[in-house]
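As provided, query38.cif (mmCIF, C-alpha atoms and all ligand atoms) reads as follows.
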data_data
#
loop_
_atom_site.label_atom_id
_atom_site.label_comp_id
_atom_site.auth_asym_id
_atom_site.auth_seq_id
_atom_site.Cartn_x
_atom_site.Cartn_y
_atom_site.Cartn_z
CA MET A 1301 -6.97 24.12 5.44
CA GLU A 1302 -4.76 23.42 8.47
CA PHE A 1303 -6.20 20.39 10.20
CA GLY A 1304 -6.34 20.40 14.01
CA ILE A 1305 -3.56 20.61 16.53
CA PRO A 1306 -0.20 21.48 14.87
CA ARG A 1307 1.73 18.34 14.03
CA THR A 1308 4.91 17.79 16.03
CA LEU A 1309 6.44 14.65 14.56
CA TYR A 1310 8.26 16.26 11.65
CA ALA A 1311 11.31 18.55 11.89
CA GLU A 1312 12.53 21.08 9.35
CA GLU A 1313 14.59 18.51 7.41
CA HIS A 1314 11.47 16.39 7.01
CA GLU A 1315 9.52 19.32 5.60
CA ILE A 1316 12.35 20.06 3.14
CA PHE A 1317 12.13 16.46 1.97
CA ARG A 1318 8.33 16.78 1.73
CA GLU A 1319 8.78 19.72 -0.63
CA THR A 1320 11.12 17.64 -2.83
CA VAL A 1321 8.52 14.87 -2.97
CA ALA A 1322 5.69 17.30 -3.76
CA GLN A 1323 7.69 18.97 -6.55
CA PHE A 1324 8.51 15.58 -8.03
CA LEU A 1325 4.86 14.55 -8.05
CA VAL A 1326 3.68 17.85 -9.54
CA HIS A 1327 6.32 17.98 -12.30
CA GLU A 1328 7.10 14.34 -13.08
CA VAL A 1329 3.99 12.35 -12.17
CA LEU A 1330 0.79 14.40 -12.52
CA PRO A 1331 1.37 15.45 -16.17
CA GLU A 1332 1.63 11.75 -17.17
CA TYR A 1333 -1.03 10.34 -14.88
CA ASP A 1334 -4.01 10.22 -17.27
CA LYS A 1335 -1.90 8.36 -19.81
CA TRP A 1336 -0.81 5.77 -17.24
CA GLU A 1337 -4.43 5.26 -16.20
CA GLN A 1338 -5.37 4.55 -19.81
CA GLU A 1339 -2.43 2.16 -20.21
CA GLY A 1340 -3.16 0.46 -16.88
CA ARG A 1341 0.47 0.56 -15.81
CA THR A 1342 3.34 2.89 -15.00
CA PRO A 1343 6.50 3.05 -17.13
CA ARG A 1344 9.83 1.85 -15.76
CA ASP A 1345 11.31 5.25 -16.44
CA ILE A 1346 9.31 6.91 -13.63
CA TRP A 1347 10.58 4.29 -11.19
CA LEU A 1348 14.16 5.10 -12.21
CA ARG A 1349 13.55 8.83 -11.82
CA ALA A 1350 11.92 8.30 -8.41
CA GLY A 1351 14.90 6.16 -7.40
CA ASN A 1352 17.22 8.91 -8.54
CA VAL A 1353 15.70 11.50 -6.19
CA GLY A 1354 15.61 9.06 -3.26
CA LEU A 1355 11.87 8.36 -3.07
CA LEU A 1356 12.30 4.59 -3.11
CA SER A 1357 14.99 4.31 -0.49
CA THR A 1358 13.84 6.53 2.35
CA SER A 1359 14.38 3.95 5.08
CA ILE A 1360 16.89 1.62 3.40
CA ALA A 1361 20.29 1.79 5.14
CA GLU A 1362 23.05 3.71 3.35
CA THR A 1363 25.18 0.52 3.14
CA TYR A 1364 22.49 -0.91 0.87
CA GLY A 1365 22.05 2.10 -1.38
CA GLY A 1366 19.41 3.93 0.65
CA SER A 1367 19.31 7.25 2.46
CA GLY A 1368 19.30 5.70 5.93
CA GLY A 1369 16.16 7.45 7.17
CA ASN A 1370 13.32 5.89 9.10
CA PHE A 1371 9.56 5.46 8.76
CA LEU A 1372 9.01 9.22 9.14
CA TYR A 1373 10.49 9.67 5.67
CA ASP A 1374 8.41 6.81 4.27
CA ALA A 1375 5.31 8.44 5.79
CA ILE A 1376 6.11 11.75 4.10
CA VAL A 1377 6.13 10.15 0.64
CA ILE A 1378 2.93 8.23 1.44
CA GLU A 1379 1.25 11.44 2.64
CA GLU A 1380 2.21 13.38 -0.48
CA LEU A 1381 1.02 10.57 -2.75
CA GLY A 1382 -2.33 10.67 -0.93
CA ARG A 1383 -2.56 14.46 -0.96
CA TYR A 1384 -2.00 14.64 -4.73
CA GLY A 1385 -4.32 11.71 -5.45
CA VAL A 1386 -1.52 9.58 -6.88
CA ALA A 1387 -2.43 5.92 -6.42
CA ALA A 1388 0.28 4.67 -8.78
CA PRO A 1389 3.16 3.90 -9.19
CA ALA A 1390 2.78 1.48 -6.28
CA TRP A 1391 5.84 2.82 -4.54
CA ASP A 1392 4.25 2.15 -1.17
CA MET A 1393 4.21 -1.60 -1.90
CA HIS A 1394 7.76 -1.61 -3.28
CA ALA A 1395 9.57 0.79 -0.97
CA TYR A 1396 7.61 1.02 2.28
CA ILE A 1397 6.27 -2.54 2.59
CA ILE A 1398 8.60 -4.95 0.75
CA ALA A 1399 11.97 -3.17 1.17
CA PRO A 1400 11.51 -2.92 4.98
CA ILE A 1401 10.76 -6.66 5.16
CA LEU A 1402 13.94 -7.44 3.22
CA SER A 1403 15.89 -4.97 5.38
CA ALA A 1404 14.69 -6.61 8.58
CA PHE A 1405 14.95 -10.29 7.64
CA CYS A 1406 17.62 -10.79 4.96
CA SER A 1407 21.29 -11.63 5.38
CA ASP A 1408 23.90 -8.98 4.65
CA LYS A 1409 24.76 -10.78 1.39
CA GLN A 1410 21.12 -10.84 0.25
CA LYS A 1411 20.61 -7.18 1.15
CA LYS A 1412 23.76 -6.13 -0.74
CA GLU A 1413 22.52 -7.97 -3.78
CA TRP A 1414 18.84 -6.96 -3.73
CA LEU A 1415 18.29 -3.64 -1.97
CA PRO A 1416 20.48 -1.23 -4.01
CA LYS A 1417 18.60 -2.13 -7.21
CA MET A 1418 15.26 -1.62 -5.47
CA ALA A 1419 16.44 1.71 -4.09
CA ALA A 1420 17.42 2.82 -7.59
CA GLY A 1421 14.14 1.66 -9.15
CA GLU A 1422 16.08 -0.76 -11.38
CA VAL A 1423 14.21 -3.69 -9.86
CA ILE A 1424 10.46 -3.43 -9.27
CA ALA A 1425 9.03 -5.58 -6.49
CA ALA A 1426 5.71 -7.31 -5.82
CA ILE A 1427 4.40 -9.39 -2.96
CA GLY A 1428 2.49 -12.64 -3.51
CA LEU A 1429 0.26 -13.82 -0.68
CA THR A 1430 -3.31 -13.93 -2.03
CA GLU A 1431 -4.40 -16.93 -4.09
CA PRO A 1432 -7.45 -17.41 -6.33
CA GLY A 1433 -8.96 -19.62 -3.61
CA GLY A 1434 -8.69 -16.99 -0.87
CA GLY A 1435 -6.76 -14.12 0.67
CA SER A 1436 -8.07 -13.60 4.20
CA ASP A 1437 -6.91 -16.93 5.59
CA LEU A 1438 -3.23 -16.81 4.74
CA LYS A 1439 -2.59 -20.03 6.63
CA GLU A 1440 -4.52 -21.85 3.90
CA ILE A 1441 -2.27 -20.90 0.99
CA SER A 1442 -1.69 -23.83 -1.34
CA THR A 1443 1.28 -22.69 -3.43
CA SER A 1444 3.93 -25.29 -2.68
CA ALA A 1445 7.73 -25.23 -2.47
CA LYS A 1446 9.31 -28.68 -2.51
CA PRO A 1447 13.03 -29.10 -1.72
CA ASP A 1448 15.20 -30.52 -4.51
CA SER A 1449 18.97 -30.63 -3.74
CA ASP A 1450 20.01 -26.97 -3.23
CA SER A 1451 16.77 -25.58 -4.73
CA PHE A 1452 13.02 -25.52 -4.23
CA ILE A 1453 10.39 -26.26 -6.90
CA ILE A 1454 7.44 -23.86 -6.75
CA ASN A 1455 3.95 -24.68 -8.01
CA GLY A 1456 0.78 -22.65 -7.60
CA ALA A 1457 -0.95 -19.37 -8.46
CA LYS A 1458 -1.32 -15.95 -6.88
CA THR A 1459 -3.90 -13.30 -7.71
CA PHE A 1460 -4.58 -9.56 -7.31
CA ILE A 1461 -0.82 -8.96 -7.36
CA THR A 1462 0.03 -5.26 -7.39
CA ASN A 1463 2.85 -4.59 -9.92
CA GLY A 1464 2.06 -8.07 -11.24
CA HIS A 1465 2.94 -7.13 -14.83
CA ILE A 1466 5.82 -4.75 -14.32
CA ALA A 1467 7.58 -6.42 -11.37
CA ASP A 1468 10.96 -8.11 -11.74
CA TYR A 1469 10.89 -9.92 -8.40
CA ILE A 1470 8.18 -11.13 -6.07
CA LEU A 1471 8.29 -11.85 -2.36
CA LEU A 1472 6.35 -15.08 -2.60
CA ALA A 1473 4.70 -17.05 0.20
CA ALA A 1474 4.69 -20.82 -0.33
CA LYS A 1475 4.14 -23.88 1.82
CA THR A 1476 7.34 -25.79 2.51
CA GLU A 1477 5.66 -28.08 5.06
CA PRO A 1478 1.89 -28.04 4.45
CA GLU A 1479 1.12 -30.27 7.45
CA LEU A 1480 2.47 -27.55 9.77
CA GLY A 1481 -0.14 -24.97 8.62
CA ALA A 1482 1.07 -21.41 9.27
CA LYS A 1483 4.34 -22.78 10.64
CA GLY A 1484 5.09 -24.38 7.28
CA VAL A 1485 5.11 -21.13 5.25
CA THR A 1486 8.35 -19.84 3.71
CA LEU A 1487 9.01 -16.61 1.82
CA PHE A 1488 11.08 -16.60 -1.37
CA TRP A 1489 12.55 -13.68 -3.31
CA LEU A 1490 11.68 -15.03 -6.71
CA ASP A 1491 12.95 -13.77 -10.04
CA LEU A 1492 9.89 -13.41 -12.26
CA SER A 1493 11.92 -14.07 -15.41
CA LEU A 1494 12.59 -17.68 -14.33
CA PRO A 1495 11.27 -20.50 -16.56
CA GLY A 1496 7.82 -21.66 -15.41
CA VAL A 1497 6.53 -18.21 -14.39
CA SER A 1498 3.64 -16.81 -16.41
CA ARG A 1499 1.50 -13.71 -15.98
CA GLY A 1500 -2.24 -13.46 -16.54
CA ARG A 1501 -4.13 -10.46 -17.89
CA ASN A 1502 -3.99 -7.03 -16.28
CA LEU A 1503 -7.09 -7.15 -14.05
CA ASN A 1504 -9.79 -4.55 -14.73
CA LYS A 1505 -10.29 -2.65 -11.45
CA ILE A 1506 -12.82 0.02 -10.43
CA GLY A 1507 -10.00 2.26 -9.15
CA ASN A 1508 -6.19 2.48 -8.92
CA LYS A 1509 -6.31 2.30 -12.68
CA ALA A 1510 -2.68 3.23 -13.31
CA GLN A 1511 -1.57 0.29 -11.17
CA ASP A 1512 -1.19 -3.05 -12.89
CA THR A 1513 -2.74 -5.91 -10.92
CA ALA A 1514 -2.36 -9.46 -12.16
CA GLU A 1515 -2.67 -13.13 -11.58
CA LEU A 1516 0.67 -15.01 -11.59
CA PHE A 1517 1.25 -18.69 -12.24
CA PHE A 1518 4.17 -20.84 -11.08
CA ASP A 1519 4.68 -24.12 -12.88
CA ASP A 1520 7.70 -26.11 -11.63
CA VAL A 1521 9.72 -22.96 -11.03
CA ARG A 1522 13.14 -23.82 -9.64
CA VAL A 1523 14.47 -21.26 -7.14
CA PRO A 1524 17.77 -21.53 -5.30
CA ALA A 1525 17.59 -22.04 -1.53
CA THR A 1526 19.62 -18.82 -1.22
CA SER A 1527 16.46 -16.90 -2.20
CA ILE A 1528 14.68 -17.77 1.08
CA VAL A 1529 13.84 -14.66 3.12
CA GLY A 1530 13.92 -14.92 6.92
CA GLY A 1531 14.57 -18.67 7.16
CA ILE A 1532 12.71 -21.79 6.20
CA ASN A 1533 9.20 -22.19 7.72
CA ASN A 1534 9.57 -18.70 9.19
CA GLY A 1535 7.33 -16.91 6.68
CA TRP A 1536 4.42 -16.42 9.04
CA LYS A 1537 6.60 -14.65 11.62
CA VAL A 1538 8.06 -12.38 8.93
CA LEU A 1539 4.59 -11.59 7.59
CA ILE A 1540 3.18 -10.67 11.00
CA HIS A 1541 5.97 -8.13 11.30
CA GLY A 1542 5.67 -6.90 7.70
CA LEU A 1543 1.88 -6.70 7.59
CA ALA A 1544 1.85 -4.38 10.62
CA GLN A 1545 3.80 -1.83 8.57
CA GLU A 1546 1.60 -2.43 5.52
CA ARG A 1547 -1.50 -1.65 7.59
CA LEU A 1548 0.04 1.52 8.96
CA VAL A 1549 0.98 2.57 5.40
CA VAL A 1550 -2.69 2.22 4.39
CA ALA A 1551 -3.81 4.17 7.47
CA VAL A 1552 -1.36 7.01 6.76
CA ARG A 1553 -2.57 7.28 3.20
CA SER A 1554 -6.25 7.10 4.17
CA ILE A 1555 -6.27 10.01 6.61
CA VAL A 1556 -4.44 12.27 4.15
CA ILE A 1557 -6.91 11.36 1.44
CA ALA A 1558 -9.76 12.31 3.80
CA GLU A 1559 -8.10 15.66 4.55
CA ALA A 1560 -7.58 16.36 0.85
CA ALA A 1561 -11.20 15.45 0.06
CA VAL A 1562 -12.52 17.91 2.63
CA ASP A 1563 -10.25 20.65 1.24
CA GLN A 1564 -11.44 19.96 -2.31
CA THR A 1565 -15.06 19.95 -1.19
CA ILE A 1566 -14.83 23.24 0.68
CA ALA A 1567 -13.32 24.86 -2.43
CA TYR A 1568 -15.86 23.27 -4.77
CA THR A 1569 -18.97 24.08 -2.71
CA LYS A 1570 -17.87 27.69 -2.23
CA GLY A 1571 -17.73 28.10 -6.00
CA ARG A 1572 -20.91 26.24 -6.94
CA LYS A 1573 -24.31 27.95 -6.95
CA ALA A 1574 -27.77 26.45 -6.33
CA PHE A 1575 -31.00 28.23 -5.34
CA SER A 1576 -29.24 31.64 -5.60
CA GLN A 1577 -26.57 30.85 -3.03
CA THR A 1578 -23.41 28.80 -2.91
CA VAL A 1579 -23.68 25.12 -2.06
CA PHE A 1580 -21.42 25.89 0.88
CA ASP A 1581 -24.05 28.30 2.25
CA PHE A 1582 -26.52 25.48 2.87
CA GLN A 1583 -26.55 24.46 6.48
CA ASN A 1584 -26.49 20.80 5.41
CA THR A 1585 -23.16 21.35 3.61
CA GLN A 1586 -21.63 23.21 6.54
CA PHE A 1587 -22.80 20.62 9.07
CA LYS A 1588 -21.44 17.75 6.97
CA LEU A 1589 -18.09 19.48 6.55
CA ALA A 1590 -17.99 20.45 10.23
CA GLU A 1591 -18.62 16.85 11.29
CA MET A 1592 -15.99 15.48 8.90
CA THR A 1593 -13.40 18.05 9.96
CA ALA A 1594 -13.96 17.32 13.64
CA LYS A 1595 -13.60 13.56 13.08
CA ILE A 1596 -10.42 13.94 11.06
CA GLU A 1597 -8.90 16.35 13.59
CA ALA A 1598 -9.72 14.02 16.46
CA GLY A 1599 -8.00 11.10 14.73
CA ARG A 1600 -4.95 12.82 13.28
CA PRO A 1601 -2.96 12.82 16.56
CA PHE A 1602 -3.60 9.05 16.89
CA ILE A 1603 -2.17 8.35 13.42
CA ASP A 1604 0.74 10.71 14.05
CA ARG A 1605 1.56 8.91 17.31
CA CYS A 1606 1.40 5.58 15.45
CA ILE A 1607 3.86 6.90 12.83
CA GLU A 1608 6.20 8.22 15.54
CA HIS A 1609 5.99 5.08 17.64
CA HIS A 1610 6.56 2.87 14.60
CA ALA A 1611 9.64 4.88 13.61
CA GLN A 1612 11.03 4.57 17.15
CA SER A 1613 10.26 1.02 18.17
CA GLY A 1614 7.78 -0.64 15.82
CA LEU A 1615 4.01 -0.68 16.06
CA SER A 1616 2.35 -3.80 17.44
CA PRO A 1617 0.16 -5.78 14.99
CA VAL A 1618 -2.89 -4.91 17.12
CA LEU A 1619 -2.27 -1.15 17.04
CA ALA A 1620 -1.55 -1.34 13.31
CA ALA A 1621 -4.88 -3.15 12.83
CA LYS A 1622 -6.68 -0.46 14.85
CA ALA A 1623 -5.05 2.33 12.83
CA LYS A 1624 -5.96 0.64 9.52
CA LEU A 1625 -9.52 -0.11 10.59
CA TRP A 1626 -10.21 3.35 11.97
CA ALA A 1627 -8.54 5.43 9.23
CA THR A 1628 -9.94 3.48 6.28
CA GLU A 1629 -13.51 3.50 7.63
CA LEU A 1630 -13.27 7.24 8.26
CA ALA A 1631 -11.84 7.94 4.80
CA ASP A 1632 -14.51 5.82 3.17
CA ARG A 1633 -17.32 7.81 4.83
CA VAL A 1634 -15.64 11.17 4.21
CA LEU A 1635 -15.05 10.42 0.52
CA ASP A 1636 -18.63 9.35 0.01
CA GLU A 1637 -20.03 12.49 1.72
CA CYS A 1638 -17.61 14.73 -0.20
CA LEU A 1639 -18.53 13.11 -3.51
CA GLN A 1640 -22.21 13.70 -2.71
CA LEU A 1641 -21.53 17.40 -2.05
CA HIS A 1642 -20.00 17.65 -5.54
CA GLY A 1643 -23.30 16.52 -7.12
CA GLY A 1644 -22.99 15.06 -10.64
CA TYR A 1645 -19.48 16.40 -11.09
CA GLY A 1646 -18.42 14.19 -8.18
CA TYR A 1647 -19.16 11.20 -10.39
CA MET A 1648 -16.94 12.45 -13.24
CA TRP A 1649 -13.51 10.85 -13.47
CA GLU A 1650 -11.72 14.14 -14.15
CA PHE A 1651 -12.73 15.39 -10.71
CA PRO A 1652 -10.18 14.40 -8.03
CA ILE A 1653 -12.97 13.40 -5.64
CA ALA A 1654 -14.27 10.75 -8.08
CA ARG A 1655 -10.82 9.20 -8.47
CA ALA A 1656 -10.12 9.34 -4.73
CA TRP A 1657 -13.46 7.67 -3.95
CA ALA A 1658 -12.78 4.82 -6.38
CA ASP A 1659 -9.07 4.50 -5.54
CA ALA A 1660 -9.50 4.45 -1.76
CA ARG A 1661 -12.33 1.91 -1.70
CA VAL A 1662 -9.80 -0.89 -1.77
CA HIS A 1663 -8.23 0.32 1.50
CA ARG A 1664 -10.93 -1.52 3.45
CA ILE A 1665 -10.17 -4.68 1.47
CA TYR A 1666 -6.42 -5.09 0.98
CA ALA A 1667 -3.61 -5.39 3.54
CA GLY A 1668 -6.10 -7.67 5.28
CA THR A 1669 -9.81 -6.84 5.15
CA ASN A 1670 -11.29 -4.68 7.89
CA GLU A 1671 -13.18 -7.74 9.12
CA VAL A 1672 -9.81 -9.46 9.63
CA MET A 1673 -8.59 -6.32 11.45
CA LYS A 1674 -11.49 -6.73 13.88
CA TYR A 1675 -10.43 -10.32 14.58
CA ILE A 1676 -6.87 -9.19 15.33
CA ILE A 1677 -8.14 -6.46 17.65
CA ALA A 1678 -10.73 -8.68 19.35
CA ARG A 1679 -8.21 -11.45 20.05
CA ASP A 1680 -6.30 -8.97 22.17
CA LEU A 1681 -9.27 -7.82 24.28
C1 LIG B 1701 -6.36 -3.72 -5.93
C2 LIG B 1701 -5.88 -4.86 -5.09
C3 LIG B 1701 -4.52 -5.04 -4.92
C4 LIG B 1701 -4.06 -6.12 -4.17
N1 LIG B 1701 -2.69 -6.33 -4.07
C5 LIG B 1701 -2.25 -7.47 -3.51
C6 LIG B 1701 -0.85 -7.81 -3.56
O1 LIG B 1701 -0.02 -7.07 -4.08
N2 LIG B 1701 -0.46 -8.99 -3.02
C7 LIG B 1701 -1.34 -9.85 -2.43
O2 LIG B 1701 -0.91 -10.91 -1.97
N3 LIG B 1701 -2.67 -9.57 -2.36
C8 LIG B 1701 -3.14 -8.41 -2.90
N4 LIG B 1701 -4.48 -8.11 -2.87
C9 LIG B 1701 -5.40 -9.07 -2.28
C10 LIG B 1701 -6.02 -8.63 -0.96
O3 LIG B 1701 -5.09 -8.60 0.08
C11 LIG B 1701 -7.19 -9.59 -0.72
O4 LIG B 1701 -8.18 -9.30 -1.68
C12 LIG B 1701 -7.76 -9.49 0.68
O5 LIG B 1701 -6.84 -9.96 1.64
C13 LIG B 1701 -9.06 -10.30 0.82
O6 LIG B 1701 -8.92 -11.58 0.34
P1 LIG B 1701 -10.02 -12.15 -0.70
O7 LIG B 1701 -10.11 -11.17 -1.81
O8 LIG B 1701 -9.63 -13.53 -1.05
O9 LIG B 1701 -11.36 -12.11 0.09
P2 LIG B 1701 -11.98 -13.31 0.95
O10 LIG B 1701 -10.97 -13.84 1.87
O11 LIG B 1701 -12.67 -14.23 0.03
O12 LIG B 1701 -13.09 -12.50 1.78
C14 LIG B 1701 -14.38 -12.18 1.27
C15 LIG B 1701 -15.16 -11.46 2.37
O13 LIG B 1701 -15.31 -12.33 3.49
C16 LIG B 1701 -14.84 -11.70 4.66
N5 LIG B 1701 -14.27 -12.67 5.57
C17 LIG B 1701 -13.28 -13.55 5.31
N6 LIG B 1701 -13.01 -14.26 6.41
C18 LIG B 1701 -13.84 -13.81 7.37
C19 LIG B 1701 -14.06 -14.13 8.73
N7 LIG B 1701 -13.33 -15.09 9.33
N8 LIG B 1701 -15.03 -13.48 9.42
C20 LIG B 1701 -15.74 -12.53 8.84
N9 LIG B 1701 -15.59 -12.15 7.55
C21 LIG B 1701 -14.64 -12.79 6.84
C22 LIG B 1701 -13.79 -10.71 4.17
O14 LIG B 1701 -13.56 -9.71 5.14
C23 LIG B 1701 -14.45 -10.21 2.90
O15 LIG B 1701 -15.38 -9.22 3.23
C24 LIG B 1701 -4.96 -7.01 -3.57
C25 LIG B 1701 -6.33 -6.81 -3.71
C26 LIG B 1701 -6.79 -5.76 -4.48
C27 LIG B 1701 -8.27 -5.61 -4.66
#
As structure tokens, what does this structure read like?
Ligand SMILES: Cc1cc2nc3c(=O)[nH]c(=O)nc-3n(C[C@H](O)[C@H](O)[C@H](O)COP(=O)(O)OP(=O)(O)OC[C@H]3O[C@@H](n4cnc5c(N)ncnc54)[C@H](O)[C@@H]3O)c2cc1C
Amino acid sequence: MEFGIPRTLYAEEHEIFRETVAQFLVHEVLPEYDKWEQEGRTPRDIWLRAGNVGLLSTSIAETYGGSGGNFLYDAIVIEELGRYGVAAPAWDMHAYIIAPILSAFCSDKQKKEWLPKMAAGEVIAAIGLTEPGGGSDLKEISTSAKPDSDSFIINGAKTFITNGHIADYILLAAKTEPELGAKGVTLFWLDLSLPGVSRGRNLNKIGNKAQDTAELFFDDVRVPATSIVGGINNGWKVLIHGLAQERLVVAVRSIVIAEAAVDQTIAYTKGRKAFSQTVFDFQNTQFKLAEMTAKIEAGRPFIDRCIEHHAQSGLSPVLAAKAKLWATELADRVLDECLQLHGGYGYMWEFPIARAWADARVHRIYAGTNEVMKYIIARDL
């Protein structure tokens, strides 16, 4: 169904691109998806094919192998991934979270070396912030980076790392001056084939099953100082900027997933019979769907304005936290209600609503938990 007030942020060229993305997902991704879920990872080949049609470089500048668009193009890919229930490959992490950080904070030399390969899907990226001891309090990370002539020696462990098995490089947060707390964090673009790096098992998740998620260990890993991103002891500043976009990415995906769930549920309940009428005919079903539709329609213009504003001038961390908090809580409630309206079939993995419910549950947890979002918002009141 058409949700709410007509959207105004996209022009014709955006919709043409959306069609390209949708066709790619339908023909290249969906037929393979069950297999990837069973294998717990996505093959490199699909990254290369996505790179080839420009899905991984939407907002990377043309000088660095991208198509020179802006966040509107990123948002289109994120929306189509959400609409088709495609939680993996984790292109959002690679192309719409990590690549923009590198674009904003790297030197021209670094960007020329790193971004074209990411745009082409030849290099797969991960980000390493969370540690086994904790993820919410990023200031407390204990992975260390000690200077040694023109290099740094990294020691520590990261966990829950998306693309942890298939990634070639990781944007790694480490403490260069632990006594400075948050001001002593530095980001490194670390080659995961370096001696001293090891990867743990592929973690067994309740959703996002085609995404590999792993623990990574760093044992005296020597990285050149030229791999520092955004300057020494500047990691916290870079992350505040980068995490705002990550939170918006999650918000964009969440509201589309909620819209798709309502669409699926309307179709399902109109076709399913109980007590000699369709499930849709029950007033309870109609009231639930009416409430969900009204909530989604009321929030859609807010998310659209966030997308537009971010593309123009960058969303503040507080607004990004509000968008993430609001959209993920809404999606969570909508998915649960929609699953319920599917009855037992809603619990079966082959039904899109079951997958969406399991996949989207993590949206309230990662990119900073929703409790952390409330802190960010409250600090600004
Ligand atoms: C599928 C998946 C993929 C992920 N991908 C990545 C990745 O690619 N890279 C990466 O670095 N991390 C990744 N993460 C980690 C994710 O960002 C963390 O799980 C998240 O930030 C929470 O950290 P934690 O798990 O250590 O929870 P904890 O920090 O232990 O929190 C536990 C609970 O306590 C609450 N809590 C914590 N502090 C407070 C407080 N001050 N007040 C109130 N409540 C509080 C939290 O909100 C939460 O409910 C991923 C996680 C998952 C599940």
Item to check | Nearby polymer residues, ligand LIG 1701 (chain B), at most 9 Å, only C-alpha atoms and all ligand atoms, as JSON, numbers by chain | outcome: {"A": [1393, 1426, 1427, 1428, 1429, 1430, 1431, 1432, 1433, 1434, 1435, 1436, 1437, 1438, 1458, 1459, 1460, 1461, 1462, 1463, 1464, 1472, 1473, 1503, 1505, 1506, 1507, 1508, 1511, 1512, 1513, 1514, 1659, 1662, 1663, 1664, 1665, 1666, 1667, 1668, 1669, 1670, 1671, 1672, 1673, 1674, 1675]}
- Item | Exercise: Arg1344 of chain A partners within 9 Å, only C-alpha atoms, chain neighbours under 6 positions left out, as a ChimeraX atom specification | /A:1421-1422,1424,1466
Segment 1590-1641 of chain A near segment 1546-1555 of chain A within 7 Å: what's each residue's closest atom pair and its distance in Å to one decimal, counting all atoms listed in the file, ordered by chain then ascending residue number, as a Markdown table?
| residue | atom | partner | partner_atom | distance |
| --- | --- | --- | --- | --- |
| A:Ile1603 | CA | A:Val1552 | CA | 6.8 |
| A:Ala1620 | CA | A:Leu1548 | CA | 5.4 |
| A:Ala1621 | CA | A:Arg1547 | CA | 6.4 |
| A:Ala1623 | CA | A:Ala1551 | CA | 5.8 |
| A:Lys1624 | CA | A:Ala1551 | CA | 4.6 |
| A:Ala1627 | CA | A:Ala1551 | CA | 5.2 |
| A:Thr1628 | CA | A:Ser1554 | CA | 5.6 |
| A:Ala1631 | CA | A:Ser1554 | CA | 5.7 |
Serialized selection, C-alpha atoms, as a PDB file, in the coordinates of the input:
ATOM      1  CA  ILE A1603      -2.170   8.350  13.420  1.00  0.00           C
ATOM      2  CA  ALA A1620      -1.550  -1.340  13.310  1.00  0.00           C
ATOM      3  CA  ALA A1621      -4.880  -3.150  12.830  1.00  0.00           C
ATOM      4  CA  ALA A1623      -5.050   2.330  12.830  1.00  0.00           C
ATOM      5  CA  LYS A1624      -5.960   0.640   9.520  1.00  0.00           C
ATOM      6  CA  ALA A1627      -8.540   5.430   9.230  1.00  0.00           C
ATOM      7  CA  THR A1628      -9.940   3.480   6.280  1.00  0.00           C
ATOM      8  CA  ALA A1631     -11.840   7.940   4.800  1.00  0.00           C
TER       9      ALA A1631
END
What lies within 10 Å of Asp1491 of chain A using all atoms listed in the file, ignoring chain neighbours under 5 positions off, as a PyMOL selection string? chain A and resi 1425+1467-1471+1497+1521+1523+1527
>> Can you tell me which residues surround Cys1406 of chain A at a distance of at most 10 Å, considering only C-alpha atoms, apart from same-chain residues fewer than 3 positions away, and format the answer as a list in words?
In response: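 The residues that qualify are Pro1400, Ile1401, Leu1402, Ser1403, Lys1409, Gln1410, Lys1411, Lys1412, Trp1414, Leu1415, Ser1527, Ile1528, Val1529, Gly1530 and Gly1531 of chain A.
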In terms of all atoms listed in the file, the residue from A:Ile1653, A:Leu1309, A:Ala1404, A:Ile1360 at minimal distance from Pro1601 of chain A is A:Leu1309
| message | For a test of reading the model, state the distance in Å between atom CA of Ala1388 of chain A and atom CA of Leu1490 of chain A, rounded to one decimal. | response |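 Pair atom CA of Ala1388 of chain A / atom CA of Leu1490 of chain A returns 22.9 Å.
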Among the residues A:Ile1454, A:Ile1316, A:Ala1390, A:Val1321, the one that comes closest to Pro1343 of chain A [using all atoms listed in the file]
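Among the listed residues, the smallest separation from Pro1343 of chain A belongs to A:Ala1390.
Of note, atom CA of Arg1318 of chain A and atom CA of Glu1380 of chain A are spaced 7.3 Å apart.
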Will you give me segment 1342-1347 of chain A, written with N, CA and C atoms and laid out as a JSON list (two decimals), in the first residue's frame?
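Heads up, here's the output in out_25.json:
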[["chain", "number", "residue", "atom", "x", "y", "z"],
["A", 1342, "THR", "N", 27.94, -14.64, 3.32],
["A", 1342, "THR", "CA", 27.66, -14.35, 1.92],
["A", 1342, "THR", "C", 28.95, -14.52, 1.11],
["A", 1343, "PRO", "N", 28.82, -15.01, -0.14],
["A", 1343, "PRO", "CA", 30.03, -15.23, -0.94],
["A", 1343, "PRO", "C", 30.62, -13.91, -1.48],
["A", 1344, "ARG", "N", 31.91, -13.92, -1.68],
["A", 1344, "ARG", "CA", 32.58, -12.71, -2.19],
["A", 1344, "ARG", "C", 32.00, -12.28, -3.55],
["A", 1345, "ASP", "N", 31.62, -13.27, -4.32],
["A", 1345, "ASP", "CA", 31.12, -12.99, -5.66],
["A", 1345, "ASP", "C", 29.95, -11.99, -5.66],
["A", 1346, "ILE", "N", 29.05, -12.07, -4.66],
["A", 1346, "ILE", "CA", 27.90, -11.16, -4.67],
["A", 1346, "ILE", "C", 28.34, -9.74, -4.32],
["A", 1347, "TRP", "N", 29.42, -9.62, -3.57],
["A", 1347, "TRP", "CA", 29.97, -8.29, -3.27],
["A", 1347, "TRP", "C", 30.54, -7.68, -4.55]]
